[in-house]
Structure formats: C-alpha cells, structure tokens
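**Student:** Okay, so here is work-v2.cif, and as you'll see once you scroll down, it has mmCIF, C-alpha atoms.
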data_data
#
loop_
_atom_site.label_atom_id
_atom_site.label_comp_id
_atom_site.auth_asym_id
_atom_site.auth_seq_id
_atom_site.Cartn_x
_atom_site.Cartn_y
_atom_site.Cartn_z
CA MET P 164 0.00 0.00 0.00
CA HIS P 165 1.17 3.53 -0.78
CA ILE P 166 0.81 5.99 2.10
CA LEU P 167 1.27 9.74 1.74
CA ILE P 168 2.35 11.46 4.98
CA LEU P 169 1.84 15.20 5.25
CA GLY P 170 4.49 16.64 7.56
CA SER P 171 8.13 15.72 8.24
CA GLY P 172 8.35 16.60 11.92
CA VAL P 173 9.26 13.94 14.44
CA ILE P 174 5.72 12.49 14.33
CA GLY P 175 5.43 12.18 10.56
CA THR P 176 9.00 11.01 10.01
CA THR P 177 8.90 8.37 12.75
CA THR P 178 5.60 7.05 11.40
CA ALA P 179 7.12 6.86 7.92
CA TYR P 180 9.93 4.69 9.27
CA TYR P 181 7.55 2.26 10.98
CA LEU P 182 5.31 2.06 7.90
CA ALA P 183 8.29 1.35 5.66
CA ARG P 184 9.50 -1.31 8.07
CA ALA P 185 6.05 -2.89 7.74
CA GLY P 186 6.57 -3.14 3.99
CA HIS P 187 4.60 -0.15 2.70
CA GLN P 188 5.52 2.38 0.03
CA VAL P 189 5.71 5.75 1.76
CA THR P 190 6.06 9.36 0.58
CA VAL P 191 6.51 12.28 3.01
CA VAL P 192 5.64 15.81 1.91
CA ASP P 193 6.77 19.01 3.63
CA ARG P 194 7.16 22.69 2.76
CA GLN P 195 10.53 22.88 4.52
CA PRO P 196 13.87 21.93 2.88
CA GLY P 197 14.46 19.11 5.38
CA PRO P 198 12.94 17.18 8.30
CA ALA P 199 12.26 18.61 11.76
CA LEU P 200 12.70 22.27 10.84
CA GLU P 201 9.63 23.58 12.66
CA THR P 202 8.30 22.51 16.08
CA SER P 203 10.66 19.51 16.27
CA TYR P 204 13.79 21.62 15.73
CA ALA P 205 14.83 22.85 19.19
CA ASN P 206 12.35 21.63 21.79
CA ALA P 207 13.27 21.05 25.43
CA GLY P 208 14.79 17.64 24.67
CA GLU P 209 12.73 15.71 27.22
CA VAL P 210 11.41 12.21 26.70
CA SER P 211 9.30 12.38 29.83
CA PRO P 212 6.49 9.83 30.21
CA GLY P 213 6.30 10.44 33.95
CA TYR P 214 5.93 14.19 33.46
CA SER P 215 3.14 13.80 30.89
CA ALA P 216 0.18 15.80 32.14
CA PRO P 217 -2.48 18.09 30.70
CA TRP P 218 -2.22 21.80 31.25
CA ALA P 219 -5.91 21.81 32.16
CA GLY P 220 -6.36 20.86 35.80
CA PRO P 221 -7.98 21.93 39.07
CA GLY P 222 -6.83 25.38 40.10
CA VAL P 223 -5.20 26.17 36.77
CA PRO P 224 -7.42 29.19 35.94
CA MET P 225 -6.31 30.96 39.13
CA LYS P 226 -2.72 29.86 38.60
CA ALA P 227 -2.84 31.24 35.07
CA ILE P 228 -3.73 34.68 36.40
CA GLN P 229 -0.87 34.48 38.90
CA TRP P 230 1.55 33.33 36.19
CA MET P 231 0.68 36.26 33.93
CA LEU P 232 1.44 38.67 36.79
CA MET P 233 4.91 37.22 37.38
CA HIS P 234 7.97 39.11 36.16
CA HIS P 235 9.29 35.96 34.47
CA SER P 236 5.87 34.74 33.43
CA PRO P 237 5.44 31.17 32.14
CA LEU P 238 2.23 32.24 30.35
CA VAL P 239 1.49 35.13 28.01
CA ILE P 240 -1.83 35.69 26.22
CA TRP P 241 -1.90 38.33 23.52
CA PRO P 242 -5.39 39.83 23.11
CA MET P 243 -6.64 38.91 19.64
CA ARG P 244 -9.93 38.68 17.82
CA ASP P 245 -9.36 35.01 17.19
CA MET P 246 -12.46 32.94 17.79
CA ALA P 247 -10.47 29.71 17.45
CA MET P 248 -8.27 30.74 20.39
CA TRP P 249 -11.21 31.71 22.62
CA ARG P 250 -13.12 28.54 21.72
CA TRP P 251 -10.05 26.44 22.49
CA GLY P 252 -9.62 28.28 25.79
CA ALA P 253 -13.24 27.65 26.75
CA MET P 254 -12.86 23.94 26.03
CA MET P 255 -9.69 23.87 28.08
CA LEU P 256 -11.48 25.46 31.04
CA ARG P 257 -14.11 22.71 30.90
CA ASN P 258 -11.29 20.20 31.37
CA CYS P 259 -10.05 21.91 34.56
CA THR P 260 -11.83 19.47 36.88
CA GLU P 261 -10.38 16.73 39.05
CA ALA P 262 -12.17 13.96 37.14
CA ARG P 263 -11.12 15.14 33.72
CA TYR P 264 -7.56 15.81 34.82
CA ARG P 265 -7.22 12.21 35.99
CA THR P 266 -8.80 10.87 32.79
CA ASN P 267 -6.66 13.02 30.52
CA LYS P 268 -3.41 12.44 32.39
CA GLY P 269 -4.07 8.70 32.40
CA ARG P 270 -4.47 8.68 28.63
CA MET P 271 -1.32 10.74 28.14
CA VAL P 272 0.78 8.60 30.47
CA ARG P 273 -0.49 5.44 28.75
CA LEU P 274 0.70 6.65 25.34
CA ALA P 275 3.91 8.19 26.68
CA GLU P 276 4.95 5.03 28.57
CA TYR P 277 4.27 2.92 25.49
CA SER P 278 6.26 5.37 23.40
CA ARG P 279 9.24 5.22 25.74
CA ASP P 280 9.20 1.41 25.44
CA CYS P 281 9.08 1.70 21.64
CA LEU P 282 12.01 4.13 21.71
CA VAL P 283 14.05 1.74 23.85
CA ALA P 284 13.29 -1.08 21.41
CA LEU P 285 14.13 1.12 18.43
CA ARG P 286 17.46 2.02 19.98
CA ALA P 287 18.23 -1.64 20.63
CA ASP P 288 17.25 -2.64 17.07
CA THR P 289 19.07 0.12 15.21
CA GLY P 290 21.67 1.67 17.51
CA ILE P 291 20.30 5.13 16.71
CA GLN P 292 22.18 7.94 18.47
CA TYR P 293 20.85 11.43 19.22
CA ASP P 294 22.73 12.77 22.29
CA ASN P 295 20.47 10.52 24.34
CA ARG P 296 20.70 9.97 28.09
CA ALA P 297 18.53 7.82 30.35
CA GLN P 298 19.02 9.47 33.74
CA GLY P 299 15.53 10.65 34.61
CA THR P 300 13.81 13.97 35.24
CA VAL P 301 13.99 16.00 38.47
CA GLN P 302 11.01 18.30 39.02
CA LEU P 303 12.06 21.03 41.44
CA PHE P 304 9.72 22.83 43.83
CA ARG P 305 10.52 26.24 45.25
CA THR P 306 7.65 26.22 47.79
CA GLN P 307 6.20 23.71 50.22
CA LYS P 308 2.76 24.27 48.68
CA GLN P 309 4.04 23.03 45.32
CA LEU P 310 5.58 19.97 46.92
CA ASP P 311 2.43 19.21 48.91
CA GLY P 312 0.33 19.43 45.73
CA ILE P 313 1.85 16.46 43.90
CA GLY P 314 -0.41 13.89 45.53
CA LYS P 315 -2.85 13.45 42.63
CA ASP P 316 0.02 13.02 40.16
CA ILE P 317 1.64 10.41 42.38
CA ASP P 318 -1.65 8.48 42.56
CA ILE P 319 -1.79 8.33 38.76
CA LEU P 320 1.89 7.35 38.50
CA LYS P 321 1.23 4.52 40.97
CA GLY P 322 -1.80 3.41 38.98
CA TYR P 323 0.31 3.03 35.83
CA GLY P 324 3.31 1.55 37.61
CA VAL P 325 5.53 4.53 36.79
CA PRO P 326 8.53 4.66 39.17
CA PHE P 327 9.13 7.88 41.11
CA GLU P 328 10.98 9.27 44.12
CA VAL P 329 10.11 12.22 46.34
CA LEU P 330 13.41 13.84 47.36
CA ASP P 331 14.65 16.34 49.90
CA ARG P 332 17.52 18.73 49.16
CA ASP P 333 20.26 16.20 49.73
CA GLY P 334 18.31 13.67 47.70
CA TYR P 335 18.06 15.66 44.48
CA CYS P 336 21.68 16.77 44.79
CA ARG P 337 22.71 13.09 44.61
CA TYR P 338 21.34 12.95 41.08
CA GLU P 339 22.17 16.52 40.06
CA PRO P 340 25.37 17.46 41.92
CA ALA P 341 25.56 20.96 40.41
CA LEU P 342 22.36 21.89 42.27
CA ALA P 343 24.29 21.74 45.55
CA TRP P 344 25.40 25.31 44.84
CA VAL P 345 21.78 26.57 44.82
CA LYS P 346 19.90 23.96 46.83
CA GLU P 347 18.58 26.49 49.36
CA LYS P 348 16.31 27.85 46.60
CA PHE P 349 14.23 24.64 46.54
CA VAL P 350 12.38 22.68 49.22
CA GLY P 351 12.25 19.32 47.45
CA ALA P 352 11.76 17.44 44.22
CA LEU P 353 9.95 14.65 42.41
CA ARG P 354 12.27 12.40 40.43
CA LEU P 355 11.07 10.28 37.52
CA PRO P 356 13.91 7.80 36.89
CA GLY P 357 12.33 6.29 33.76
CA ASP P 358 12.50 9.54 31.79
CA GLU P 359 15.13 10.20 29.14
CA THR P 360 16.61 13.09 27.17
CA GLY P 361 17.80 13.55 23.61
CA ASP P 362 18.04 15.89 20.65
CA CYS P 363 14.78 15.62 18.71
CA PHE P 364 16.26 17.28 15.63
CA LYS P 365 19.16 14.80 15.49
CA PHE P 366 16.79 11.89 16.07
CA THR P 367 14.38 12.96 13.33
CA ASN P 368 17.12 13.49 10.76
CA THR P 369 18.72 10.15 11.59
CA ILE P 370 15.47 8.22 11.40
CA ALA P 371 14.67 10.04 8.13
CA LYS P 372 17.91 8.61 6.73
CA MET P 373 16.96 5.17 8.03
CA ALA P 374 13.52 5.53 6.46
CA THR P 375 15.10 6.59 3.15
CA ASP P 376 17.25 3.46 3.24
CA LEU P 377 13.99 1.48 3.55
CA GLY P 378 12.59 3.17 0.44
CA VAL P 379 10.71 6.18 1.86
CA LYS P 380 10.66 9.18 -0.48
CA PHE P 381 10.78 12.70 0.96
CA ARG P 382 9.41 15.56 -1.11
CA PHE P 383 10.72 18.72 0.52
CA ASP P 384 10.13 22.34 -0.54
CA THR P 385 6.58 21.29 -1.45
CA THR P 386 3.64 23.36 -0.25
CA ILE P 387 0.43 21.52 0.64
CA ASP P 388 -2.63 23.41 -0.61
CA GLY P 389 -5.57 21.11 0.07
CA LEU P 390 -7.17 17.66 -0.06
CA ASN P 391 -9.31 16.35 -2.89
CA HIS P 392 -12.13 13.98 -2.04
CA ALA P 393 -14.83 12.10 -3.92
CA GLY P 394 -16.89 9.00 -3.30
CA GLY P 395 -16.42 9.23 0.46
CA GLN P 396 -12.62 9.12 0.44
CA ILE P 397 -9.52 11.21 -0.24
CA THR P 398 -8.46 11.12 -3.88
CA GLY P 399 -5.35 13.28 -3.75
CA VAL P 400 -3.37 16.12 -2.21
CA ARG P 401 -3.03 19.43 -4.04
CA THR P 402 0.56 20.67 -3.76
CA SER P 403 2.96 23.11 -5.39
CA ALA P 404 4.33 20.07 -7.25
CA GLY P 405 0.90 19.06 -8.57
CA THR P 406 -1.67 16.61 -7.24
CA LEU P 407 -0.15 13.67 -5.38
CA THR P 408 -2.10 10.45 -4.94
CA ALA P 409 -1.83 7.40 -2.70
CA ASP P 410 -3.93 4.65 -1.15
CA ALA P 411 -3.99 6.25 2.32
CA TYR P 412 -3.16 9.68 3.72
CA LEU P 413 -1.86 10.75 7.13
CA VAL P 414 -2.12 14.35 8.31
CA ALA P 415 0.77 15.11 10.68
CA LEU P 416 1.03 18.87 10.24
CA GLY P 417 0.95 19.88 13.89
CA SER P 418 -0.77 23.23 14.44
CA TYR P 419 -1.59 23.49 10.73
CA SER P 420 -3.65 20.27 10.65
CA PRO P 421 -7.07 21.81 11.47
CA GLN P 422 -7.17 24.18 8.50
CA LEU P 423 -6.34 21.36 6.09
CA VAL P 424 -9.13 19.00 7.21
CA ARG P 425 -11.81 21.59 8.08
CA PRO P 426 -13.27 21.60 4.52
CA LEU P 427 -13.90 17.88 4.98
CA GLY P 428 -16.15 18.50 7.98
CA ILE P 429 -13.47 17.50 10.51
CA ASP P 430 -13.25 20.01 13.34
CA LEU P 431 -9.99 19.63 15.26
CA PRO P 432 -9.65 21.71 18.44
CA VAL P 433 -5.90 22.08 18.01
CA TYR P 434 -4.40 25.50 18.64
CA PRO P 435 -0.77 26.71 18.40
CA VAL P 436 0.84 27.51 21.75
CA LYS P 437 4.22 29.07 21.11
CA GLY P 438 7.15 27.76 23.11
CA TYR P 439 10.68 29.10 23.27
CA SER P 440 14.11 27.64 23.84
CA ILE P 441 17.73 28.65 24.10
CA THR P 442 20.65 26.33 23.41
CA VAL P 443 23.72 27.18 25.46
CA PRO P 444 27.26 25.76 25.15
CA ILE P 445 28.49 24.11 28.35
CA THR P 446 31.45 25.94 29.89
CA ASP P 447 32.12 23.59 32.82
CA ALA P 448 30.52 20.14 32.88
CA LYS P 449 30.64 19.78 36.65
CA PHE P 450 28.39 22.82 37.01
CA ALA P 451 25.92 21.68 34.31
CA PRO P 452 22.85 19.42 34.58
CA GLU P 453 23.25 15.66 34.27
CA SER P 454 19.81 15.10 32.74
CA THR P 455 16.60 17.18 32.82
CA ILE P 456 15.57 19.64 35.52
CA MET P 457 12.04 21.02 35.53
CA ASP P 458 11.59 24.29 37.41
CA GLU P 459 7.96 24.00 38.49
CA THR P 460 7.61 27.71 39.29
CA HIS P 461 8.64 28.96 35.86
CA LYS P 462 7.52 25.86 33.91
CA VAL P 463 10.93 25.70 32.25
CA ALA P 464 12.99 22.59 31.53
CA VAL P 465 16.79 22.60 31.57
CA THR P 466 18.27 19.61 29.72
CA ARG P 467 21.74 18.26 29.03
CA LEU P 468 22.24 17.49 25.32
CA GLY P 469 25.83 16.39 24.78
CA ASP P 470 28.03 19.46 25.19
CA ARG P 471 25.03 21.82 25.21
CA ILE P 472 22.29 22.86 27.61
CA ARG P 473 18.80 23.18 26.16
CA VAL P 474 16.44 25.45 28.11
CA GLY P 475 12.83 25.23 26.96
CA GLY P 476 9.47 26.46 28.13
CA THR P 477 6.99 29.30 28.48
CA ALA P 478 3.60 29.35 26.77
CA GLU P 479 2.45 32.16 24.53
CA LEU P 480 -0.95 32.40 22.88
CA ALA P 481 -0.24 34.58 19.84
CA GLY P 482 -1.85 32.74 16.95
CA PHE P 483 0.64 31.60 14.32
CA SER P 484 3.16 34.34 15.06
CA LEU P 485 6.79 33.20 15.12
CA LYS P 486 8.14 36.50 16.39
CA LEU P 487 11.02 36.03 18.85
CA ARG P 488 10.32 38.14 21.92
CA GLU P 489 13.22 39.26 24.11
CA ALA P 490 11.17 38.94 27.31
CA ARG P 491 10.86 35.20 26.76
CA GLN P 492 14.61 34.84 26.29
CA SER P 493 15.09 36.80 29.50
CA THR P 494 12.99 34.23 31.36
CA LEU P 495 14.96 31.30 29.95
CA ASN P 496 18.25 33.04 30.72
CA HIS P 497 17.05 33.69 34.27
CA VAL P 498 16.15 30.05 34.94
CA VAL P 499 19.36 28.50 33.63
CA THR P 500 21.60 31.03 35.39
CA ASP P 501 19.55 30.68 38.58
CA LEU P 502 20.00 26.89 38.61
CA PHE P 503 23.39 26.49 36.92
CA PRO P 504 25.18 29.86 37.16
CA LYS P 505 28.54 28.40 36.11
CA GLY P 506 27.28 25.73 33.72
CA GLY P 507 26.86 27.51 30.41
CA ASP P 508 27.53 30.71 28.49
CA VAL P 509 24.16 32.38 27.86
CA SER P 510 25.86 35.13 25.84
CA LYS P 511 26.31 32.49 23.11
CA ALA P 512 22.75 31.13 23.28
CA GLU P 513 20.80 30.20 20.15
CA PHE P 514 17.26 31.59 20.59
CA TRP P 515 14.33 29.77 18.95
CA CYS P 516 10.55 29.42 19.06
CA GLY P 517 8.07 26.88 17.73
CA LEU P 518 4.32 26.30 17.65
CA ARG P 519 3.16 23.45 19.85
CA PRO P 520 -0.10 21.89 18.56
CA MET P 521 -2.20 21.78 21.73
CA THR P 522 -5.56 20.13 22.33
CA PRO P 523 -7.76 21.50 25.15
CA ASP P 524 -7.48 18.23 27.09
CA GLY P 525 -3.76 17.70 26.46
CA THR P 526 -4.17 14.35 24.71
CA PRO P 527 -3.16 14.07 21.03
CA ILE P 528 -5.58 13.12 18.28
CA LEU P 529 -4.63 9.84 16.60
CA GLY P 530 -6.35 7.36 14.32
CA GLY P 531 -8.88 7.27 11.53
CA THR P 532 -11.66 9.59 10.41
CA HIS P 533 -15.06 9.22 8.74
CA LEU P 534 -13.11 9.00 5.47
CA PRO P 535 -11.69 5.46 5.42
CA ASN P 536 -8.33 6.37 3.88
CA LEU P 537 -7.64 9.52 5.92
CA TYR P 538 -5.77 9.36 9.22
CA LEU P 539 -4.77 11.95 11.82
CA SER P 540 -1.73 12.31 14.04
CA THR P 541 -1.64 15.74 15.64
CA GLY P 542 -2.20 17.67 18.86
CA HIS P 543 0.79 16.35 20.81
CA GLY P 544 1.45 19.75 22.37
CA THR P 545 4.69 19.80 24.36
CA LEU P 546 5.01 16.01 24.18
CA GLY P 547 5.58 15.26 20.50
CA TRP P 548 9.14 14.10 21.19
CA THR P 549 8.04 12.07 24.21
CA MET P 550 5.23 10.37 22.28
CA ALA P 551 6.81 10.09 18.82
CA ALA P 552 7.97 6.48 18.76
CA GLY P 553 4.74 5.13 20.26
CA THR P 554 2.62 7.29 17.98
CA GLY P 555 4.56 6.15 14.92
CA ARG P 556 4.28 2.50 15.85
CA ALA P 557 0.56 2.70 16.71
CA MET P 558 -0.30 4.63 13.54
CA ALA P 559 1.68 2.19 11.38
CA ASP P 560 -0.29 -0.67 12.94
CA LEU P 561 -3.64 1.06 12.39
CA ILE P 562 -2.93 1.98 8.78
CA SER P 563 -1.67 -1.56 8.16
CA GLY P 564 -4.94 -2.99 9.48
CA ARG P 565 -3.39 -4.40 12.64
CA THR P 566 -4.56 -3.84 16.21
CA PRO P 567 -2.00 -1.64 18.03
CA ASP P 568 -0.33 -2.94 21.15
CA ILE P 569 -1.78 0.05 23.03
CA SER P 570 -5.45 0.82 23.61
CA MET P 571 -6.63 3.72 21.44
CA GLU P 572 -9.50 4.53 23.82
CA GLY P 573 -9.76 8.28 24.27
CA LEU P 574 -6.99 9.03 21.76
CA THR P 575 -9.09 9.49 18.62
CA VAL P 576 -11.08 12.43 17.25
CA GLU P 577 -14.25 10.63 18.35
CA ARG P 578 -13.86 12.02 21.87
CA TYR P 579 -14.81 15.45 20.52
CA ARG P 580 -18.19 14.39 19.19
CA PRO P 581 -21.05 16.22 20.94
CA GLY P 582 -22.21 14.29 23.97
CA HIS P 583 -18.87 12.76 24.88
CA PHE P 584 -18.16 13.35 28.56
CA ASP P 585 -14.55 14.41 28.47
CA THR P 586 -14.60 17.45 26.21
CA THR P 587 -17.92 19.05 25.44
CA ARG P 588 -20.07 18.96 28.54
CA SER P 589 -19.45 20.32 31.98
#
For the structure just supplied, provide its representation as structure tokens.
**Tutor:**
Amino acid sequence: MHILILGSGVIGTTTAYYLARAGHQVTVVDRQPGPALETSYANAGEVSPGYSAPWAGPGVPMKAIQWMLMHHSPLVIWPMRDMAMWRWGAMMLRNCTEARYRTNKGRMVRLAEYSRDCLVALRADTGIQYDNRAQGTVQLFRTQKQLDGIGKDIDILKGYGVPFEVLDRDGYCRYEPALAWVKEKFVGALRLPGDETGDCFKFTNTIAKMATDLGVKFRFDTTIDGLNHAGGQITGVRTSAGTLTADAYLVALGSYSPQLVRPLGIDLPVYPVKGYSITVPITDAKFAPESTIMDETHKVAVTRLGDRIRVGGTAELAGFSLKLREARQSTLNHVVTDLFPKGGDVSKAEFWCGLRPMTPDGTPILGGTHLPNLYLSTGHGTLGWTMAAGTGRAMADLISGRTPDISMEGLTVERYRPGHFDTTRS
C-alpha cells in the first residue's frame, strides 16, 4: 500500500519509518527543505512519560492569572480577535476538573509510557544515536505548597506503575550534583527515573535517513494546498508540485492540521501555543545538569544534550506568530543562570521558538476519520518528542490494518463528538 504522509516533523517522520518497516511504500511531503525544521527543531529535549500531564487541571485558571502577573511569566496571552483561540480556551477550562484531569493524564501517560518502550526497542534494534541519556527527570519545587500538591500526580503514577521518588535537598543533589550550589532555593523534588533526554532534531534526521534506506521518499520544498475527495474518500493532495495520490493519507502537520481538514467536515480543536528555547554551550561540565531539571515555578525545563544545555518552556498564545520576543529569552536566561550559574555561556545562546499543537485536554488526536483512507496524528502539544515512537508505531499498525499494542480509547477524534463526557459537557 502507498501511504502519503503530510508533515516531516518527528511524528510524521517516525511514522514513515515504521510504515516502511512494515513493507509499505511511503512518501513524506513538507514545505521545509528538510525534516524537523519547525516545532521539532529545538524543543526542550525531554522524553518524559512520567511528566506527561495536561495543562488543564484543578486550580489552573487561578494559577494562570498568577503566572501572567509574574515578572518571568510562564504564560502570556496576547489579546486577539481570534475565535479559534477563545473557543479552544473555553474547552480547556471545561477540562479543569479533578475527574477530567485524571482521565486526561491517564491517557497521556499510557501513550507516553508505550512510546518510551518503543524508543528503547528502536534504539536496541538500530543503535540510533541522538545525544540521548537515560538518567531521569527531576522536578524542582521552590515552595512547600508546590511539593504538597503532587499527591494526585503520584496516585496516577502509581496506577500506571511509573517509578518515582520524592526527594529532599540532599536527595536531588545526589542525582544533580551541580544543584548543591543553589539547593537552598528549593524545598524538594519529584524524580522520575524512567524519563530520558535527547536531541529531537538529530533523532528525526537520523530516522529520516533510516527511512530513506527502507525506500521512503521525501518531497521537501513542497507546499500543501488542500485535499481532494470524492466518493467518500480522499483522492489526492493538491501541492505546489501538482496533485499527489496514494492509497492512504496521514495528516501530521501539527498546528496546521485543522485548516487542512476543516473543509472535509473535521473540526480539530488544536491551537498553536508558542514555546521558546535557548541552546547554550556548556562551559564547565561539573556545574551543568546531568539530565533534565524542571523548574515547576517557571515551567521551564533545563536539559543536558551532549556538550550543550537546552532550556525550553513558556507558553504564549499569539496565533501563528513566530516573532522572537526578548522577554521570553530573558525568562529562559534567568532560569538556567539561577539553577546552573557556572554551567553555560548564555551570551552564546541560540534563541528559537516553535508552535506546539495543543488540544484542550492535552491528549493528542490519533487514528482514523469518517473518510476510510484519511488518518490523523496531531495535537501532541509539548510532548511530541516524548510520544513520537509510540505514535509512529501505533499509527503504522492502524494503517496496516493491525490492532495496536496500546489501547486507542480516548486518543481518537471521536472524543470530541457532541455528547462525549470528556470534552464538550461540563
């Protein structure tokens, strides 16, 4: 079977590899000159199943107001006449209940844990290298209130058998020795030893080469203009290179997915939430992080990637704007110098932003549609890198007509149909 994949980010490219390994003919189309040049380019570098959680949760509306009033704010909302943004926000607010938080987090952890297992297997099968480390994530809390509030997350981690440790100051310094210099700034931590780190851009480019070796064709510098349909199925994709046809089609265009499928009557509540990162050269390894540190107050991750430190975070609702704002870089600079003042040279930082495709409940949208040869893989938000291998494997199984090894319950677009408990009714 010939499958046409729209999008060469980490999701689309990893799926192409798994489909090719299953014996299919695969073509990947992207407007960029190479893979992983948009949201997958310089993300925080975390492969963090244990940290997978929806942004919508109890108390988040009040926290959001507090965040926006902070000097180094983790959240910025630009006032716009954008009905899609306000609709998405309203749906997110309806998910800010205890019951929905548990449901949504459970779904996310299920996919993320499966994905981590797939990534481990992929590494064992192929030897793929991408500045990867498997030394866990340390989530740092600056206040006792933050530390006391992790109970519901721990309950869910226990339910899915995800290992964790609650650590005092001496405890987290055992895993991250450089924090000993600033440990008085934090009261404790939650460590997730099963989490990993790695360079998503390096991974995606390497697996693209592996996919090419399996026969996958990449059509770069090709703009996607629309989908043709007739007789209840997709008949082709209109592009700058003409109309491309296949037996099945997968939309993996991140934040740009909704506008492509809307003319088909598919309403995807996916909205771009801009995230920022800086990449800093390490100046002294003993003062740099060993793995990933998450500063819970600023919602910023600091990750070791080889001889670099990647600092990623903040959330900005600004539509599809890719404008780099100095205030966001100031926040990232503040966090990394606050935690690792001697670890890296921020004067040499590479500053970047990307559009995270967020759903209002945090869970991605995977699987089929009412058109039998059209599939979706979008809405991964901040967790595209974490969920890439599992998403690729599951989507390859679905498109191949096999039952995935993971339950797809709650992961498909069906959960947004009117009347479904988890998204449309309070």
**Student:** Taking the file as I've supplied it (selection: the PyMOL selection byres ((chain P and resi 385) around 12)), which residues are included? Please answer as a PDB file with C-alpha atoms, in the frame of the given file.
**Tutor:**
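Output contents, as saved in result_23.pdb:
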ATOM      1  CA  LEU P 169       1.840  15.200   5.250  1.00  0.00           C
ATOM      2  CA  GLY P 170       4.490  16.640   7.560  1.00  0.00           C
ATOM      3  CA  SER P 171       8.130  15.720   8.240  1.00  0.00           C
ATOM      4  CA  VAL P 191       6.510  12.280   3.010  1.00  0.00           C
ATOM      5  CA  VAL P 192       5.640  15.810   1.910  1.00  0.00           C
ATOM      6  CA  ASP P 193       6.770  19.010   3.630  1.00  0.00           C
ATOM      7  CA  ARG P 194       7.160  22.690   2.760  1.00  0.00           C
ATOM      8  CA  GLN P 195      10.530  22.880   4.520  1.00  0.00           C
ATOM      9  CA  PRO P 196      13.870  21.930   2.880  1.00  0.00           C
ATOM     10  CA  GLY P 197      14.460  19.110   5.380  1.00  0.00           C
ATOM     11  CA  PHE P 381      10.780  12.700   0.960  1.00  0.00           C
ATOM     12  CA  ARG P 382       9.410  15.560  -1.110  1.00  0.00           C
ATOM     13  CA  PHE P 383      10.720  18.720   0.520  1.00  0.00           C
ATOM     14  CA  ASP P 384      10.130  22.340  -0.540  1.00  0.00           C
ATOM     15  CA  THR P 386       3.640  23.360  -0.250  1.00  0.00           C
ATOM     16  CA  ILE P 387       0.430  21.520   0.640  1.00  0.00           C
ATOM     17  CA  ASP P 388      -2.630  23.410  -0.610  1.00  0.00           C
ATOM     18  CA  VAL P 400      -3.370  16.120  -2.210  1.00  0.00           C
ATOM     19  CA  ARG P 401      -3.030  19.430  -4.040  1.00  0.00           C
ATOM     20  CA  THR P 402       0.560  20.670  -3.760  1.00  0.00           C
ATOM     21  CA  SER P 403       2.960  23.110  -5.390  1.00  0.00           C
ATOM     22  CA  ALA P 404       4.330  20.070  -7.250  1.00  0.00           C
ATOM     23  CA  GLY P 405       0.900  19.060  -8.570  1.00  0.00           C
ATOM     24  CA  THR P 406      -1.670  16.610  -7.240  1.00  0.00           C
ATOM     25  CA  LEU P 407      -0.150  13.670  -5.380  1.00  0.00           C
TER      26      LEU P 407
END
**Student:** Assuming the chain letters and numbering stay as they are in my file, what does the PyMOL selection byres ((chain P and resi 240) around 6) actually select? List them as a count of residues only.
**Tutor:** 4
**Student:** What does the distance from CA of Ile313 in chain P to CA of Arg270 in chain P come to in Å, to one decimal?
**Tutor:**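 For CA of Ile313 in chain P relative to CA of Arg270 in chain P, the distance reads 18.3 Å.
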**Student:** Could you give me, as a list of chain:residue names, the residues that sit within 12 Å of (-7.6, 1.6, 19.2) in the file's coordinates, counting only C-alpha atoms?
**Tutor:**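 Final list of nearby residues, as requested, is P:Leu274, P:Ile528, P:Leu529, P:Gly530, P:Gly531, P:Thr554, P:Ala557, P:Met558, P:Asp560, P:Leu561, P:Ile562, P:Gly564, P:Arg565, P:Thr566, P:Pro567, P:Asp568, P:Ile569, P:Ser570, P:Met571, P:Glu572, P:Gly573, P:Leu574, P:Thr575, P:Val576, P:Glu577.
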**Student:** At a cut-off of 12 Å, using only C-alpha atoms, what residues contact Gly324 in chain P? Leave out same-chain residues fewer than 3 positions from it and give the result as a ChimeraX atom specification.
**Tutor:** /P:212-213,269,272-273,276,317-321,327,355,357
**Student:** Go through P:Val424, P:Ala411, P:Ala297, P:Met246 and flag the residue nearest Gly482 in chain P, using only C-alpha atoms for the distances.
**Tutor:**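 Nearest to Gly482 in chain P: P:Met246.
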**Student:** For the file shown, report as a ChimeraX atom specification the outcome of the PyMOL selection byres ((chain P and resi 294) around 12) at residue level.
**Tutor:** /P:208-209,291-293,295-297,359-366,369,454,466-473
**Student:** Figure out the distance between CA of Gln492 in chain P and CA of Val301 in chain P, please, to one decimal in Å.
**Tutor:**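 According to the coordinates, CA of Val301 in chain P and CA of Gln492 in chain P are separated by 22.4 Å.
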**Student:** Restricting the calculation to all atoms listed in the file, which member of P:Val189, P:Ile174, P:Ala374, P:Ala253 is positioned closest to Pro520 in chain P?
**Tutor:**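 So, comparing all the options, the nearest one is P:Ile174.
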**Student:** Using only C-alpha atoms for the distances, tell me which of P:Gly222, P:Gly351, P:Gly314, P:Gly438 is nearest to Val329 in chain P.
**Tutor:**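 Result for the nearest residue to Val329 in chain P: P:Gly351.
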